[in-house]
$ cat my_file.cif   # mmCIF, C-alpha atoms
data_start
#
loop_
_atom_site.label_atom_id
_atom_site.label_comp_id
_atom_site.auth_asym_id
_atom_site.auth_seq_id
_atom_site.Cartn_x
_atom_site.Cartn_y
_atom_site.Cartn_z
CA MET I 1 22.89 17.24 38.34
CA VAL I 2 23.40 18.34 34.70
CA GLN I 3 25.63 15.32 34.03
CA SER I 4 23.00 12.92 35.38
CA LYS I 5 20.33 14.53 33.15
CA ASN I 6 22.61 14.27 30.12
CA PHE I 7 23.36 10.65 30.99
CA LEU I 8 19.63 9.90 31.32
CA ILE I 9 18.94 11.54 27.94
CA LEU I 10 21.74 9.51 26.36
CA ILE I 11 20.35 6.27 27.82
CA LEU I 12 16.83 7.09 26.58
CA PHE I 13 18.19 7.94 23.13
CA MET I 14 20.10 4.66 22.92
CA PHE I 15 17.03 2.74 24.09
CA SER I 16 14.89 4.36 21.40
CA ILE I 17 17.45 3.41 18.71
CA VAL I 18 17.44 -0.21 19.91
CA GLU I 19 13.62 -0.30 19.96
CA TYR I 20 13.44 1.26 16.49
CA SER I 21 15.90 -1.33 15.19
CA LYS I 22 13.88 -4.15 16.72
CA SER I 23 10.67 -2.88 15.16
CA GLN I 24 12.32 -2.66 11.73
CA GLU I 25 13.67 -6.21 12.01
CA LEU I 26 10.16 -7.53 12.62
CA LYS I 27 8.77 -5.94 9.46
CA SER I 28 8.50 -7.57 6.09
CA ILE I 29 8.62 -5.61 2.86
CA LEU I 30 5.86 -5.94 0.29
CA HIS I 31 6.62 -4.38 -3.09
CA VAL I 32 3.84 -4.40 -5.67
CA GLU I 33 3.90 -3.34 -9.32
CA VAL I 34 0.66 -3.20 -11.29
CA VAL I 35 0.83 -3.21 -15.09
CA ASP I 36 -1.68 -3.22 -17.92
CA HIS I 37 -1.84 -6.70 -19.43
CA SER I 38 -1.60 -5.46 -23.02
CA SER I 39 0.98 -2.68 -22.78
CA LYS I 40 2.99 -4.10 -19.84
CA GLU I 41 3.27 -0.48 -18.62
CA LEU I 42 2.63 0.59 -15.02
CA THR I 43 -1.00 1.60 -14.62
CA PRO I 44 -2.95 3.50 -11.93
CA VAL I 45 -5.21 1.32 -9.77
CA ARG I 46 -7.36 1.28 -6.68
CA VAL I 47 -5.98 -1.05 -4.00
CA LYS I 48 -7.27 -2.39 -0.71
CA ILE I 49 -5.08 -4.44 1.61
CA THR I 50 -6.31 -6.09 4.79
CA ASP I 51 -4.84 -8.56 7.24
CA ASN I 52 -6.53 -11.89 8.11
CA GLN I 53 -8.81 -10.15 10.63
CA GLY I 54 -9.99 -7.67 7.99
CA HIS I 55 -8.04 -4.74 9.45
CA THR I 56 -6.68 -2.15 7.05
CA THR I 57 -2.91 -1.99 6.70
CA ALA I 58 -0.71 1.08 6.69
CA LEU I 59 -1.00 3.53 3.82
CA PRO I 60 1.97 3.43 1.43
CA ASN I 61 3.94 6.62 0.77
CA GLU I 62 3.00 6.28 -2.90
CA ALA I 63 -0.74 6.63 -2.17
CA ILE I 64 -2.37 9.47 -4.07
CA SER I 65 -4.48 12.01 -2.18
CA ILE I 66 -8.07 11.68 -3.23
CA MET I 67 -10.92 14.05 -3.93
CA TYR I 68 -13.55 13.94 -1.24
CA GLY I 69 -14.24 15.92 1.87
CA ARG I 70 -15.29 19.54 2.16
CA ASN I 71 -16.12 20.93 -1.30
CA ASP I 72 -14.79 17.72 -2.91
CA LYS I 73 -11.17 18.86 -2.71
CA SER I 74 -8.07 16.82 -2.13
CA GLU I 75 -7.40 17.42 1.53
CA GLY I 76 -4.62 14.95 2.11
CA TYR I 77 -6.90 11.97 2.51
CA GLY I 78 -5.17 8.82 1.43
CA TYR I 79 -7.97 6.33 2.02
CA GLN I 80 -11.35 6.06 0.33
CA PRO I 81 -14.29 5.54 2.70
CA ASP I 82 -13.91 1.75 2.22
CA SER I 83 -10.19 1.90 3.21
CA SER I 84 -8.90 1.50 -0.33
CA PHE I 85 -6.29 3.82 -1.83
CA TYR I 86 -4.99 4.82 -5.25
CA VAL I 87 -1.45 4.43 -6.61
CA ASP I 88 0.20 5.19 -9.95
CA GLY I 89 1.20 1.59 -10.53
CA LYS I 90 3.60 0.65 -7.76
CA PHE I 91 3.98 0.84 -4.01
CA THR I 92 5.94 -0.54 -1.09
CA LEU I 93 4.68 -1.36 2.40
CA HIS I 94 6.49 -2.45 5.56
CA LEU I 95 4.21 -4.91 7.33
CA LYS I 96 4.31 -7.49 10.09
CA GLU I 97 4.56 -11.11 9.03
CA GLY I 98 1.29 -12.78 8.19
CA LYS I 99 -1.31 -13.27 5.49
CA TYR I 100 -2.79 -10.28 3.67
CA ASN I 101 -5.60 -9.95 1.17
CA MET I 102 -5.05 -7.51 -1.68
CA SER I 103 -7.77 -6.36 -4.05
CA PHE I 104 -7.11 -4.38 -7.22
CA SER I 105 -9.60 -2.54 -9.44
CA LYS I 106 -9.33 -0.21 -12.41
CA GLY I 107 -12.71 1.02 -13.54
CA MET I 108 -15.49 -0.74 -15.40
CA GLU I 109 -13.44 -2.04 -18.34
CA TYR I 110 -10.97 -4.07 -16.25
CA LEU I 111 -11.47 -7.27 -14.29
CA ASP I 112 -11.16 -6.83 -10.52
CA GLN I 113 -8.56 -9.05 -8.89
CA ILE I 114 -8.06 -10.45 -5.41
CA HIS I 115 -4.73 -11.91 -4.30
CA THR I 116 -3.43 -13.32 -1.02
CA VAL I 117 0.17 -12.85 0.03
CA GLU I 118 1.93 -14.41 3.00
CA LEU I 119 4.80 -12.36 4.38
CA LYS I 120 7.62 -13.98 6.33
CA LYS I 121 9.35 -12.18 9.18
CA GLY I 122 12.05 -9.82 7.90
CA LYS I 123 11.70 -11.00 4.28
CA SER I 124 10.80 -9.15 1.10
CA GLU I 125 8.00 -10.19 -1.21
CA VAL I 126 7.64 -8.79 -4.74
CA ARG I 127 4.35 -9.11 -6.62
CA LYS I 128 3.60 -8.10 -10.19
CA ILE I 129 -0.10 -7.78 -10.96
CA GLU I 130 -1.42 -7.61 -14.53
CA MET I 131 -4.73 -5.81 -14.94
CA LYS I 132 -6.72 -7.38 -17.79
CA ARG I 133 -9.44 -5.65 -19.78
CA TRP I 134 -12.66 -7.54 -20.37
CA ILE I 135 -13.85 -4.90 -22.87
CA ASN I 136 -12.52 -1.78 -24.58
CA MET I 137 -15.46 0.57 -25.00
CA ALA I 138 -13.49 3.16 -26.99
CA ASP I 139 -12.70 0.53 -29.62
CA SER I 140 -16.46 -0.03 -29.93
CA GLY I 141 -17.09 3.67 -30.48
CA TRP I 142 -18.19 4.48 -26.92
CA TYR I 143 -16.78 7.52 -25.13
CA SER I 144 -17.71 9.04 -21.81
#
$ encode --input "my_file.cif" --output "structure tokens"
Amino acid sequence: MVQSKNFLILILFMFSIVEYSKSQELKSILHVEVVDHSSKELTPVRVKITDNQGHTTALPNEAISIMYGRNDKSEGYGYQPDSSFYVDGKFTLHLKEGKYNMSFSKGMEYLDQIHTVELKKGKSEVRKIEMKRWINMADSGWYS
């Protein structure tokens, strides 16, 4: 009886490894770097990624916990109420093949950007986004 249970556990374990491998093969890798247009340095941004049906994608590991919730404290929330998230300039996501819409914003002084990316099954896609200022208020003597 013990041997049959051990055999069953071994079979289930092997099946789970095969299923995990299959799921990883189906994923595409999206790697995004966001830089400031002038400095060419990585820059923090707000990002929203949706599939063609408007559904939010997975949250990248690089997402920064945000400040909202009880007493406006960071409580491990990765998404903003509109399903966007913040990163320090780069992130990687494992997604199913298909078309995705990506929007990037960085405060009032930068132009918002929207990009579409089409991921192929099992392939990697690298995107470099340059955030461009439309105005520099500090240079005009304005400070918040």
$ residues_around --input "my_file.cif" --residues "Leu95 in chain I" --least-positions-apart "5" --cutoff "12 Å" --atoms "only C-alpha atoms" --output "list in words"
Ser23, Gln24, Glu25, Leu26, Lys27, Ser28, Ile29, Leu30, His31, Ile49, Thr50, Asp51, Thr56, Thr57, Ala58, Leu59, Pro60, Tyr100, Val117, Glu118, Leu119, Lys120, Lys121, Gly122, Lys123, Ser124 and Glu125 of chain I
$ atom_distance --input "my_file.cif" --atom1 "CA of Arg127 in chain I" --atom2 "CA of His115 in chain I"
9.8 Å
$ atom_distance --input "my_file.cif" --atom1 "CA of Arg46 in chain I" --atom2 "CA of Gly98 in chain I"
22.2 Å
$ closest_residue --input "my_file.cif" --among "I:Leu42, I:His94, I:Glu109, I:Thr116" --to "Lys132 in chain I" --atoms "all atoms listed in the file"
I:Glu109
$ atom_distance --input "my_file.cif" --atom1 "CA of Lys128 in chain I" --atom2 "CA of Val32 in chain I"
5.8 Å
$ resolve_selection --input "my_file.cif" --expression "the PyMOL selection byres ((chain I and resi 108) around 10)" --output "list in words"
Ser105, Lys106, Gly107, Glu109, Tyr110, Leu111, Asp112, Arg133, Trp134, Ile135, Asn136 and Met137 of chain I
$ closest_residue --input "my_file.cif" --among "I:Ile129, I:Ala138, I:Val87, I:Val47" --to "Asn61 in chain I" --atoms "all atoms listed in the file"
I:Val87
$ axis_aligned_box --input "my_file.cif" --around "range 129-133 of chain I" --padding-each-side "4 Å" --output "JSON"
{"center_x": -4.8, "center_y": -6.7, "center_z": -15.4, "size_x": 17.3, "size_y": 10.1, "size_z": 16.8}
$ residues_near_point --input "my_file.cif" --point "(-0.2, 3.7, -5.4)" --cutoff "9 Å" --atoms "all atoms listed in the file" --output "list in words"
Pro44, Val45, Arg46, Val47, Pro60, Asn61, Glu62, Ala63, Ile64, Phe85, Tyr86, Val87, Asp88, Gly89, Lys90, Phe91 and Thr92 of chain I
$ closest_residue --input "my_file.cif" --among "I:Gly141, I:Asn101, I:Asp36, I:Lys48" --to "Gly78 in chain I" --atoms "only C-alpha atoms"
I:Lys48
$ closest_residue --input "my_file.cif" --among "I:Glu130, I:Lys99, I:Ser65, I:Lys40" --to "Gln53 in chain I" --atoms "only C-alpha atoms"
I:Lys99
$ closest_residue --input "my_file.cif" --among "I:Gln80, I:Ser144, I:Thr43, I:Ser103" --to "Ile66 in chain I" --atoms "only C-alpha atoms"
I:Gln80
